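Note: the block below is entry39.pdb and it holds PDB, C-alpha atoms, pLDDT in the B column.
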```pdb
ATOM      1  CA  MET V  24       5.099  -7.523  -4.111  1.00 78.00           C
ATOM      2  CA  THR V  25       2.155  -6.391  -1.979  1.00 91.00           C
ATOM      3  CA  HIS V  26       2.645  -5.255   1.604  1.00 89.00           C
ATOM      4  CA  ILE V  27       0.868  -8.352   2.896  1.00 87.00           C
ATOM      5  CA  ASP V  28       3.216 -10.549   0.834  1.00 88.00           C
ATOM      6  CA  GLN V  29       6.174  -8.600   2.249  1.00 90.00           C
ATOM      7  CA  LEU V  30       5.035  -9.364   5.803  1.00 91.00           C
ATOM      8  CA  LYS V  31       4.177 -12.969   4.959  1.00 89.00           C
ATOM      9  CA  ASN V  32       7.648 -13.547   3.479  1.00 89.00           C
ATOM     10  CA  THR V  33       9.258 -12.061   6.587  1.00 85.00           C
ATOM     11  CA  LEU V  34       7.217 -14.310   8.885  1.00 84.00           C
ATOM     12  CA  LEU V  35       7.813 -17.404   6.756  1.00 82.00           C
ATOM     13  CA  LYS V  36      11.546 -16.866   7.211  1.00 83.00           C
ATOM     14  CA  LEU V  37      10.919 -17.186  10.946  1.00 78.00           C
ATOM     15  CA  VAL V  38       8.312 -19.944  11.163  1.00 79.00           C
ATOM     16  CA  ARG V  39       6.591 -22.429   8.902  1.00 81.00           C
ATOM     17  CA  LEU V  40       2.887 -21.578   8.803  1.00 80.00           C
ATOM     18  CA  THR V  41       0.017 -23.535   7.363  1.00 82.00           C
ATOM     19  CA  THR V  42      -2.335 -21.639   5.092  1.00 85.00           C
ATOM     20  CA  ALA V  43      -4.952 -21.662   7.855  1.00 84.00           C
ATOM     21  CA  GLU V  44      -2.475 -20.232  10.386  1.00 82.00           C
ATOM     22  CA  TRP V  45      -1.379 -17.499   8.004  1.00 86.00           C
ATOM     23  CA  LEU V  46      -5.006 -16.598   7.258  1.00 87.00           C
ATOM     24  CA  ALA V  47      -5.827 -16.500  10.990  1.00 85.00           C
ATOM     25  CA  PHE V  48      -2.931 -14.087  11.480  1.00 87.00           C
ATOM     26  CA  ALA V  49      -3.563 -12.025   8.333  1.00 90.00           C
ATOM     27  CA  GLN V  50      -7.254 -11.474   9.039  1.00 93.00           C
ATOM     28  CA  ASN V  51      -6.243  -9.562  12.167  1.00 93.00           C
ATOM     29  CA  LEU V  52      -3.868  -7.213  10.357  1.00 95.00           C
ATOM     30  CA  GLU V  53      -4.796  -3.621   9.764  1.00 96.00           C
ATOM     31  CA  ALA V  54      -3.086  -1.493   7.113  1.00 96.00           C
ATOM     32  CA  VAL V  55      -2.154   1.936   8.467  1.00 98.00           C
ATOM     33  CA  ASN V  56      -0.451   5.037   7.140  1.00 98.00           C
ATOM     34  CA  TYR V  57       1.261   7.754   9.132  1.00 98.00           C
ATOM     35  CA  ASN V  58       2.655  11.091   8.089  1.00 98.00           C
ATOM     36  CA  LYS V  59       6.020  12.462   9.093  1.00 96.00           C
ATOM     37  CA  ASN V  60       6.145  13.234  12.835  1.00 96.00           C
ATOM     38  CA  ASP V  61       2.919  11.336  13.621  1.00 98.00           C
ATOM     39  CA  LEU V  62       3.074   9.282  16.799  1.00 98.00           C
ATOM     40  CA  LEU V  63       2.294   5.593  16.486  1.00 98.00           C
ATOM     41  CA  CYS V  64       2.304   5.434  20.284  1.00 98.00           C
ATOM     42  CA  PRO V  65       2.661   8.577  22.402  1.00 98.00           C
ATOM     43  CA  ALA V  66       4.480   8.365  25.721  1.00 97.00           C
ATOM     44  CA  GLY V  67       1.974   7.892  28.519  1.00 97.00           C
ATOM     45  CA  HIS V  68      -0.421   5.833  26.376  1.00 98.00           C
ATOM     46  CA  VAL V  69      -0.800   2.069  26.564  1.00 98.00           C
ATOM     47  CA  GLU V  70       0.623   0.407  23.426  1.00 98.00           C
ATOM     48  CA  GLN V  71      -2.071  -1.670  21.761  1.00 98.00           C
ATOM     49  CA  TYR V  72      -0.238  -2.731  18.582  1.00 97.00           C
ATOM     50  CA  ILE V  73       2.826  -4.312  17.085  1.00 95.00           C
ATOM     51  CA  TYR V  74       3.691  -2.727  13.746  1.00 96.00           C
ATOM     52  CA  PHE V  75       5.478  -4.116  10.713  1.00 95.00           C
ATOM     53  CA  ILE V  76       7.022  -1.305   8.675  1.00 96.00           C
ATOM     54  CA  HIS V  77       6.523  -1.697   4.932  1.00 96.00           C
ATOM     55  CA  THR V  78       7.900   1.702   3.954  1.00 95.00           C
ATOM     56  CA  GLY V  79       9.407   4.498   5.961  1.00 94.00           C
ATOM     57  CA  LEU V  80      11.386   5.087   9.094  1.00 93.00           C
ATOM     58  CA  VAL V  81      10.413   5.156  12.779  1.00 96.00           C
ATOM     59  CA  ARG V  82      12.213   6.268  15.902  1.00 95.00           C
ATOM     60  CA  VAL V  83      11.657   5.346  19.530  1.00 96.00           C
ATOM     61  CA  TYR V  84      12.491   8.105  21.992  1.00 96.00           C
ATOM     62  CA  PHE V  85      11.797   9.424  25.446  1.00 94.00           C
ATOM     63  CA  GLN V  86      11.633  12.906  26.873  1.00 92.00           C
ATOM     64  CA  LYS V  87      14.051  13.935  29.623  1.00 91.00           C
ATOM     65  CA  GLU V  88      13.132  17.410  30.766  1.00 89.00           C
ATOM     66  CA  ALA V  89      13.212  19.487  27.556  1.00 87.00           C
ATOM     67  CA  GLU V  90      15.402  17.034  25.630  1.00 88.00           C
ATOM     68  CA  GLU V  91      14.273  14.181  23.381  1.00 91.00           C
ATOM     69  CA  LEU V  92      16.604  11.175  23.615  1.00 92.00           C
ATOM     70  CA  THR V  93      16.439   8.736  20.703  1.00 93.00           C
ATOM     71  CA  LEU V  94      16.735   5.108  21.766  1.00 92.00           C
ATOM     72  CA  ASN V  95      16.485   3.435  18.379  1.00 91.00           C
ATOM     73  CA  PHE V  96      15.464   3.653  14.753  1.00 92.00           C
ATOM     74  CA  HIS V  97      13.399   1.036  12.942  1.00 91.00           C
ATOM     75  CA  PHE V  98      13.428   0.600   9.196  1.00 90.00           C
ATOM     76  CA  GLU V  99      11.511  -1.170   6.437  1.00 91.00           C
ATOM     77  CA  ASN V 100      10.852  -4.872   7.051  1.00 90.00           C
ATOM     78  CA  GLU V 101      11.197  -4.479  10.807  1.00 91.00           C
ATOM     79  CA  PHE V 102       8.749  -4.803  13.663  1.00 91.00           C
ATOM     80  CA  VAL V 103       8.326  -1.888  16.045  1.00 94.00           C
ATOM     81  CA  SER V 104       6.306  -1.226  19.153  1.00 95.00           C
ATOM     82  CA  SER V 105       6.591   0.299  22.579  1.00 96.00           C
ATOM     83  CA  PHE V 106       7.064  -3.316  23.473  1.00 93.00           C
ATOM     84  CA  SER V 107       7.295  -3.148  27.254  1.00 93.00           C
ATOM     85  CA  SER V 108       4.016  -1.208  27.301  1.00 97.00           C
ATOM     86  CA  PHE V 109       2.497  -3.713  24.860  1.00 96.00           C
ATOM     87  CA  LEU V 110       3.502  -6.669  27.034  1.00 93.00           C
ATOM     88  CA  THR V 111       2.429  -5.187  30.357  1.00 96.00           C
ATOM     89  CA  GLN V 112      -0.499  -3.098  29.073  1.00 97.00           C
ATOM     90  CA  THR V 113       0.753  -0.168  31.136  1.00 98.00           C
ATOM     91  CA  PRO V 114       1.510   3.393  29.980  1.00 98.00           C
ATOM     92  CA  SER V 115       4.502   3.681  27.697  1.00 98.00           C
ATOM     93  CA  ARG V 116       7.607   5.460  28.895  1.00 97.00           C
ATOM     94  CA  VAL V 117       8.663   6.041  25.281  1.00 97.00           C
ATOM     95  CA  ALA V 118       7.109   7.499  22.162  1.00 98.00           C
ATOM     96  CA  VAL V 119       7.151   5.792  18.756  1.00 98.00           C
ATOM     97  CA  GLN V 120       7.295   8.394  15.966  1.00 98.00           C
ATOM     98  CA  ALA V 121       7.189   8.297  12.169  1.00 97.00           C
ATOM     99  CA  LEU V 122      10.186  10.123  10.721  1.00 95.00           C
ATOM    100  CA  ASP V 123       8.767  10.118   7.219  1.00 92.00           C
ATOM    101  CA  LYS V 124       5.621   8.808   5.589  1.00 95.00           C
ATOM    102  CA  ILE V 125       4.963   5.310   6.943  1.00 96.00           C
ATOM    103  CA  GLN V 126       3.019   2.431   5.478  1.00 97.00           C
ATOM    104  CA  ALA V 127       2.653  -0.378   7.975  1.00 97.00           C
ATOM    105  CA  SER V 128       0.577  -3.323   9.059  1.00 96.00           C
ATOM    106  CA  ARG V 129      -0.378  -3.622  12.674  1.00 97.00           C
ATOM    107  CA  ILE V 130      -1.962  -6.250  14.869  1.00 95.00           C
ATOM    108  CA  HIS V 131      -3.826  -5.535  18.086  1.00 96.00           C
ATOM    109  CA  TYR V 132      -2.831  -6.899  21.486  1.00 96.00           C
ATOM    110  CA  LYS V 133      -6.107  -8.830  21.850  1.00 95.00           C
ATOM    111  CA  ALA V 134      -5.653 -10.457  18.424  1.00 93.00           C
ATOM    112  CA  ILE V 135      -2.126 -11.572  19.346  1.00 91.00           C
ATOM    113  CA  GLN V 136      -3.398 -13.019  22.628  1.00 92.00           C
ATOM    114  CA  ALA V 137      -6.142 -14.919  20.770  1.00 90.00           C
ATOM    115  CA  LEU V 138      -3.574 -16.300  18.317  1.00 86.00           C
ATOM    116  CA  TYR V 139      -1.441 -17.462  21.233  1.00 86.00           C
ATOM    117  CA  SER V 140      -4.322 -19.402  22.719  1.00 87.00           C
ATOM    118  CA  HIS V 141      -5.391 -21.063  19.452  1.00 82.00           C
ATOM    119  CA  SER V 142      -2.167 -21.966  17.715  1.00 79.00           C
ATOM    120  CA  HIS V 143       1.263 -23.206  18.648  1.00 80.00           C
ATOM    121  CA  ASN V 144       2.635 -21.374  15.608  1.00 78.00           C
ATOM    122  CA  GLY V 145       0.752 -18.256  16.748  1.00 79.00           C
ATOM    123  CA  GLU V 146       2.705 -18.439  19.992  1.00 85.00           C
ATOM    124  CA  ARG V 147       5.860 -18.998  17.997  1.00 82.00           C
ATOM    125  CA  ILE V 148       5.209 -15.933  15.824  1.00 81.00           C
ATOM    126  CA  GLY V 149       4.770 -13.829  18.958  1.00 83.00           C
ATOM    127  CA  ARG V 150       7.903 -15.239  20.511  1.00 86.00           C
ATOM    128  CA  LEU V 151       9.957 -14.628  17.376  1.00 83.00           C
ATOM    129  CA  ILE V 152       8.712 -11.040  17.070  1.00 83.00           C
ATOM    130  CA  ALA V 153       9.589 -10.532  20.739  1.00 87.00           C
ATOM    131  CA  GLU V 154      13.011 -12.057  20.155  1.00 87.00           C
ATOM    132  CA  SER V 155      13.702  -9.762  17.202  1.00 84.00           C
ATOM    133  CA  LEU V 156      12.761  -6.699  19.269  1.00 83.00           C
ATOM    134  CA  TYR V 157      14.839  -7.954  22.212  1.00 88.00           C
ATOM    135  CA  LEU V 158      17.882  -8.606  20.023  1.00 88.00           C
ATOM    136  CA  ALA V 159      17.657  -5.138  18.497  1.00 84.00           C
ATOM    137  CA  LYS V 160      17.487  -3.649  21.998  1.00 87.00           C
ATOM    138  CA  THR V 161      20.375  -5.737  23.311  1.00 91.00           C
ATOM    139  CA  ASN V 162      22.572  -4.991  20.300  1.00 89.00           C
ATOM    140  CA  ARG V 163      21.813  -1.295  20.699  1.00 88.00           C
ATOM    141  CA  GLU V 164      22.807  -1.397  24.382  1.00 90.00           C
ATOM    142  CA  ILE V 165      26.056  -3.211  23.604  1.00 92.00           C
ATOM    143  CA  ASP V 166      26.852  -0.707  20.858  1.00 89.00           C
ATOM    144  CA  LEU V 167      26.261   2.179  23.258  1.00 86.00           C
ATOM    145  CA  LEU V 168      28.663   0.711  25.786  1.00 89.00           C
ATOM    146  CA  SER V 169      31.351  -0.609  23.466  1.00 94.00           C
ATOM    147  CA  LEU V 170      31.502   1.521  20.325  1.00 92.00           C
ATOM    148  CA  SER V 171      32.468   5.104  19.723  1.00 93.00           C
ATOM    149  CA  ALA V 172      29.904   7.450  18.222  1.00 91.00           C
ATOM    150  CA  GLU V 173      31.775   7.217  14.909  1.00 92.00           C
ATOM    151  CA  GLU V 174      31.620   3.402  14.956  1.00 92.00           C
ATOM    152  CA  GLN V 175      27.905   3.492  15.785  1.00 91.00           C
ATOM    153  CA  TYR V 176      27.326   5.927  12.929  1.00 90.00           C
ATOM    154  CA  LEU V 177      29.235   3.694  10.502  1.00 90.00           C
ATOM    155  CA  ASN V 178      27.203   0.653  11.642  1.00 88.00           C
ATOM    156  CA  LEU V 179      23.943   2.526  11.083  1.00 86.00           C
ATOM    157  CA  LEU V 180      25.193   3.741   7.711  1.00 86.00           C
ATOM    158  CA  GLN V 181      26.067   0.179   6.704  1.00 87.00           C
ATOM    159  CA  LYS V 182      22.748  -1.236   7.951  1.00 83.00           C
ATOM    160  CA  ASN V 183      20.502   1.304   6.207  1.00 79.00           C
ATOM    161  CA  PRO V 184      22.414   3.708   3.976  1.00 80.00           C
ATOM    162  CA  LYS V 185      19.363   4.990   2.106  1.00 75.00           C
ATOM    163  CA  PHE V 186      17.686   6.172   5.315  1.00 75.00           C
ATOM    164  CA  ILE V 187      20.594   8.075   6.844  1.00 79.00           C
ATOM    165  CA  SER V 188      19.812  11.072   4.657  1.00 78.00           C
ATOM    166  CA  HIS V 189      16.240  11.085   6.041  1.00 79.00           C
ATOM    167  CA  LEU V 190      17.407  11.403   9.642  1.00 86.00           C
ATOM    168  CA  SER V 191      17.695  14.866  11.100  1.00 88.00           C
ATOM    169  CA  VAL V 192      21.059  15.763  12.595  1.00 89.00           C
ATOM    170  CA  LYS V 193      19.260  16.357  15.902  1.00 91.00           C
ATOM    171  CA  HIS V 194      17.720  12.848  16.001  1.00 90.00           C
ATOM    172  CA  LEU V 195      20.849  11.109  14.791  1.00 90.00           C
ATOM    173  CA  ALA V 196      23.091  12.941  17.250  1.00 90.00           C
ATOM    174  CA  SER V 197      20.686  12.051  20.065  1.00 91.00           C
ATOM    175  CA  TYR V 198      20.796   8.394  19.008  1.00 88.00           C
ATOM    176  CA  LEU V 199      24.604   8.471  19.081  1.00 89.00           C
ATOM    177  CA  GLY V 200      24.664  10.276  22.423  1.00 89.00           C
ATOM    178  CA  ILE V 201      26.586  13.261  21.068  1.00 90.00           C
ATOM    179  CA  GLN V 202      25.995  16.897  20.197  1.00 92.00           C
ATOM    180  CA  PRO V 203      25.028  17.813  16.601  1.00 90.00           C
ATOM    181  CA  GLU V 204      28.380  19.565  16.132  1.00 91.00           C
ATOM    182  CA  SER V 205      30.225  16.332  16.931  1.00 91.00           C
ATOM    183  CA  LEU V 206      28.111  14.477  14.378  1.00 90.00           C
ATOM    184  CA  SER V 207      29.024  17.080  11.763  1.00 88.00           C
ATOM    185  CA  ARG V 208      32.709  16.435  12.500  1.00 91.00           C
ATOM    186  CA  ILE V 209      32.203  12.665  12.152  1.00 90.00           C
ATOM    187  CA  ARG V 210      30.387  13.118   8.844  1.00 88.00           C
ATOM    188  CA  HIS V 211      33.092  15.427   7.581  1.00 86.00           C
ATOM    189  CA  LYS V 212      35.823  13.008   8.646  1.00 87.00           C
ATOM    190  CA  ILE V 213      34.326  10.023   6.818  1.00 85.00           C
ATOM    191  CA  GLY V 214      33.160  12.127   3.870  1.00 76.00           C
ATOM    192  CA  ARG V 215      29.370  11.819   4.236  1.00 57.00           C
TER     193      ARG V 215
END
```

structure tokens encoding of this file:
Amino acid sequence: MTHIDQLKNTLLKLVRLTTAEWLAFAQNLEAVNYNKNDLLCPAGHVEQYIYFIHTGLVRVYFQKEAEELTLNFHFENEFVSSFSSFLTQTPSRVAVQALDKIQASRIHYKAIQALYSHSHNGERIGRLIAESLYLAKTNREIDLLSLSAEEQYLNLLQKNPKFISHLSVKHLASYLGIQPESLSRIRHKIGR
């Protein structure tokens, strides 16, 4: 399956598109590749794109003094963006970083706005992408407040087991809100 087919199948699960609507959307897509540690959107820059990850792993983080705090990870077949910056067209408070080699499709802010104005389904695509990003954020916040670090780790392991080995202990511990030593104890306890 090509990357465009992968994205098309994901969108068709969300909304029924005519061929013309799909083509209007697809003609605005740009294929991009990033290397490990590249920034898709640096903090302080205005986010211009929404990305669909075909292969690879991305993290969203912010800097607090000398410490990087990981807010979330995004995996294959997921959308990612510094979404509040994208919506408001103001500088991003977070950075979006490739954690390994990334192949993605992206669509520019202006193209999304044009789709909104020309197609009801274009608006629906935008809304559904926004909803998926919002749900991921809300679920992450609930997990932070209601689950132990071990439970969060097990959820992440269940969601994307093949990517856990690609995450550095530093990034994963930051995501869980614990020190790397505590993560090592959790891994040892559950045998991973």

On this file, the PyMOL selection byres ((chain V and resi 77) around 6) gives some set of residues; write that set as a list in words. Ile76, Thr78, Glu99, Asn100, Gln126 and Ala127 of chain V

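Omitting Lys185 (chain V) and its sequence neighbours fewer than 6 positions away, and counting all atoms listed in the file, the residues within 12 Å are Gly79, Leu80, Phe98, Glu99 and Leu179 of chain V.
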
May I have the residues within 8 Å of region 150-153 of chain V as a PyMOL selection string, using all atoms listed in the file and disregarding those fewer than 3 positions away in the same chain? chain V and resi 37+102+146-147+156-157

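Between His68 (chain V) and the candidates V:Leu199, V:Leu46, V:Val119, V:Leu30, the tightest atom-to-atom separation, counting all atoms listed in the file, involves V:Val119.
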
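The spacing separating CA of Lys124 (chain V) from CA of Leu190 (chain V) amounts to 12.7 Å.
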
Run through the PyMOL selection byres ((chain V and resi 107) around 12) on the given coordinates and return the selected residues as number ranges by chain. V: 66, 68-73, 103-106, 108-118, 153, 156-157, 160

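The residues caught by the PyMOL selection byres ((chain V and resi 57) around 6) in this file are Asn56, Asn58, Asp61, Lys124 and Ile125 of chain V.
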
Please check which residues have atoms at most 12 Å from (26.2, 0.4, 13.1) in the file's coordinates, counting all atoms listed in the file, and write them as a PDB file with C-alpha atoms, in the coordinates of the input.
```pdb
ATOM      1  CA  ASN V  95      16.485   3.435  18.379  1.00 91.00           C
ATOM      2  CA  PHE V  96      15.464   3.653  14.753  1.00 92.00           C
ATOM      3  CA  ALA V 159      17.657  -5.138  18.497  1.00 84.00           C
ATOM      4  CA  ASN V 162      22.572  -4.991  20.300  1.00 89.00           C
ATOM      5  CA  ARG V 163      21.813  -1.295  20.699  1.00 88.00           C
ATOM      6  CA  GLU V 164      22.807  -1.397  24.382  1.00 90.00           C
ATOM      7  CA  ILE V 165      26.056  -3.211  23.604  1.00 92.00           C
ATOM      8  CA  ASP V 166      26.852  -0.707  20.858  1.00 89.00           C
ATOM      9  CA  LEU V 167      26.261   2.179  23.258  1.00 86.00           C
ATOM     10  CA  SER V 169      31.351  -0.609  23.466  1.00 94.00           C
ATOM     11  CA  LEU V 170      31.502   1.521  20.325  1.00 92.00           C
ATOM     12  CA  SER V 171      32.468   5.104  19.723  1.00 93.00           C
ATOM     13  CA  ALA V 172      29.904   7.450  18.222  1.00 91.00           C
ATOM     14  CA  GLU V 173      31.775   7.217  14.909  1.00 92.00           C
ATOM     15  CA  GLU V 174      31.620   3.402  14.956  1.00 92.00           C
ATOM     16  CA  GLN V 175      27.905   3.492  15.785  1.00 91.00           C
ATOM     17  CA  TYR V 176      27.326   5.927  12.929  1.00 90.00           C
ATOM     18  CA  LEU V 177      29.235   3.694  10.502  1.00 90.00           C
ATOM     19  CA  ASN V 178      27.203   0.653  11.642  1.00 88.00           C
ATOM     20  CA  LEU V 179      23.943   2.526  11.083  1.00 86.00           C
ATOM     21  CA  LEU V 180      25.193   3.741   7.711  1.00 86.00           C
ATOM     22  CA  GLN V 181      26.067   0.179   6.704  1.00 87.00           C
ATOM     23  CA  LYS V 182      22.748  -1.236   7.951  1.00 83.00           C
ATOM     24  CA  ASN V 183      20.502   1.304   6.207  1.00 79.00           C
ATOM     25  CA  PRO V 184      22.414   3.708   3.976  1.00 80.00           C
ATOM     26  CA  ILE V 187      20.594   8.075   6.844  1.00 79.00           C
ATOM     27  CA  TYR V 198      20.796   8.394  19.008  1.00 88.00           C
ATOM     28  CA  LEU V 199      24.604   8.471  19.081  1.00 89.00           C
TER      29      LEU V 199
END
```

What does the distance from CA of Phe48 (chain V) to CA of Glu101 (chain V) come to in Å, to one decimal? 17.1 Å

Quick check, in Å to one decimal: how far apart do CA of Ala196 (chain V) and CA of Ile209 (chain V) lie?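 CA of Ile209 (chain V) lies at a distance of 10.4 Å from CA of Ala196 (chain V).
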
Residue nearest Cys64 (chain V) among V:Ser142, V:Gln202, V:Gln120, V:Ser128 (counting all atoms listed in the file):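 Closest to Cys64 (chain V) of all the choices is V:Gln120.
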
Missing atoms in region 79-102 of chain V: can you complete it with N, CA and C atoms, as an mmCIF file, in the frame of the given file?
```
data_model
loop_
_atom_site.group_PDB
_atom_site.id
_atom_site.type_symbol
_atom_site.label_atom_id
_atom_site.label_comp_id
_atom_site.auth_asym_id
_atom_site.auth_seq_id
_atom_site.Cartn_x
_atom_site.Cartn_y
_atom_site.Cartn_z
ATOM 1 N N GLY V 79 9.198 3.393 5.043
ATOM 2 C CA GLY V 79 9.407 4.498 5.961
ATOM 3 C C GLY V 79 10.377 4.190 7.075
ATOM 4 N N LEU V 80 10.398 5.077 8.027
ATOM 5 C CA LEU V 80 11.386 5.087 9.094
ATOM 6 C C LEU V 80 10.722 5.553 10.377
ATOM 7 N N VAL V 81 11.024 4.863 11.483
ATOM 8 C CA VAL V 81 10.413 5.156 12.779
ATOM 9 C C VAL V 81 11.519 5.319 13.811
ATOM 10 N N ARG V 82 11.287 6.184 14.774
ATOM 11 C CA ARG V 82 12.213 6.268 15.902
ATOM 12 C C ARG V 82 11.457 6.037 17.197
ATOM 13 N N VAL V 83 12.172 5.519 18.174
ATOM 14 C CA VAL V 83 11.657 5.346 19.530
ATOM 15 C C VAL V 83 12.476 6.287 20.406
ATOM 16 N N TYR V 84 11.778 7.138 21.171
ATOM 17 C CA TYR V 84 12.491 8.105 21.992
ATOM 18 C C TYR V 84 11.748 8.348 23.298
ATOM 19 N N PHE V 85 12.453 8.978 24.226
ATOM 20 C CA PHE V 85 11.797 9.424 25.446
ATOM 21 C C PHE V 85 12.217 10.854 25.733
ATOM 22 N N GLN V 86 11.405 11.513 26.525
ATOM 23 C CA GLN V 86 11.633 12.906 26.873
ATOM 24 C C GLN V 86 12.284 12.964 28.248
ATOM 25 N N LYS V 87 13.404 13.682 28.340
ATOM 26 C CA LYS V 87 14.051 13.935 29.623
ATOM 27 C C LYS V 87 14.138 15.444 29.758
ATOM 28 N N GLU V 88 13.289 15.968 30.629
ATOM 29 C CA GLU V 88 13.132 17.410 30.766
ATOM 30 C C GLU V 88 12.780 17.983 29.393
ATOM 31 N N ALA V 89 13.551 18.883 28.849
ATOM 32 C CA ALA V 89 13.212 19.487 27.556
ATOM 33 C C ALA V 89 13.890 18.779 26.386
ATOM 34 N N GLU V 90 14.607 17.710 26.665
ATOM 35 C CA GLU V 90 15.402 17.034 25.630
ATOM 36 C C GLU V 90 14.762 15.709 25.218
ATOM 37 N N GLU V 91 14.719 15.465 23.914
ATOM 38 C CA GLU V 91 14.273 14.181 23.381
ATOM 39 C C GLU V 91 15.501 13.305 23.166
ATOM 40 N N LEU V 92 15.482 12.098 23.743
ATOM 41 C CA LEU V 92 16.604 11.175 23.615
ATOM 42 C C LEU V 92 16.166 9.982 22.782
ATOM 43 N N THR V 93 16.797 9.798 21.632
ATOM 44 C CA THR V 93 16.439 8.736 20.703
ATOM 45 C C THR V 93 17.081 7.429 21.146
ATOM 46 N N LEU V 94 16.249 6.423 21.363
ATOM 47 C CA LEU V 94 16.735 5.108 21.766
ATOM 48 C C LEU V 94 17.081 4.242 20.575
ATOM 49 N N ASN V 95 16.245 4.310 19.533
ATOM 50 C CA ASN V 95 16.485 3.435 18.379
ATOM 51 C C ASN V 95 15.720 3.924 17.164
ATOM 52 N N PHE V 96 16.157 3.454 16.015
ATOM 53 C CA PHE V 96 15.464 3.653 14.753
ATOM 54 C C PHE V 96 15.010 2.289 14.252
ATOM 55 N N HIS V 97 13.888 2.264 13.564
ATOM 56 C CA HIS V 97 13.399 1.036 12.942
ATOM 57 C C HIS V 97 13.088 1.347 11.479
ATOM 58 N N PHE V 98 13.455 0.396 10.629
ATOM 59 C CA PHE V 98 13.428 0.600 9.196
ATOM 60 C C PHE V 98 12.454 -0.365 8.529
ATOM 61 N N GLU V 99 12.370 -0.268 7.215
ATOM 62 C CA GLU V 99 11.511 -1.170 6.437
ATOM 63 C C GLU V 99 11.816 -2.627 6.773
ATOM 64 N N ASN V 100 10.766 -3.435 6.768
ATOM 65 C CA ASN V 100 10.852 -4.872 7.051
ATOM 66 C C ASN V 100 11.237 -5.177 8.493
ATOM 67 N N GLU V 101 10.945 -4.258 9.387
ATOM 68 C CA GLU V 101 11.197 -4.479 10.807
ATOM 69 C C GLU V 101 9.895 -4.304 11.587
ATOM 70 N N PHE V 102 9.856 -4.977 12.737
ATOM 71 C CA PHE V 102 8.749 -4.803 13.663
ATOM 72 C C PHE V 102 9.113 -3.689 14.624
#
```
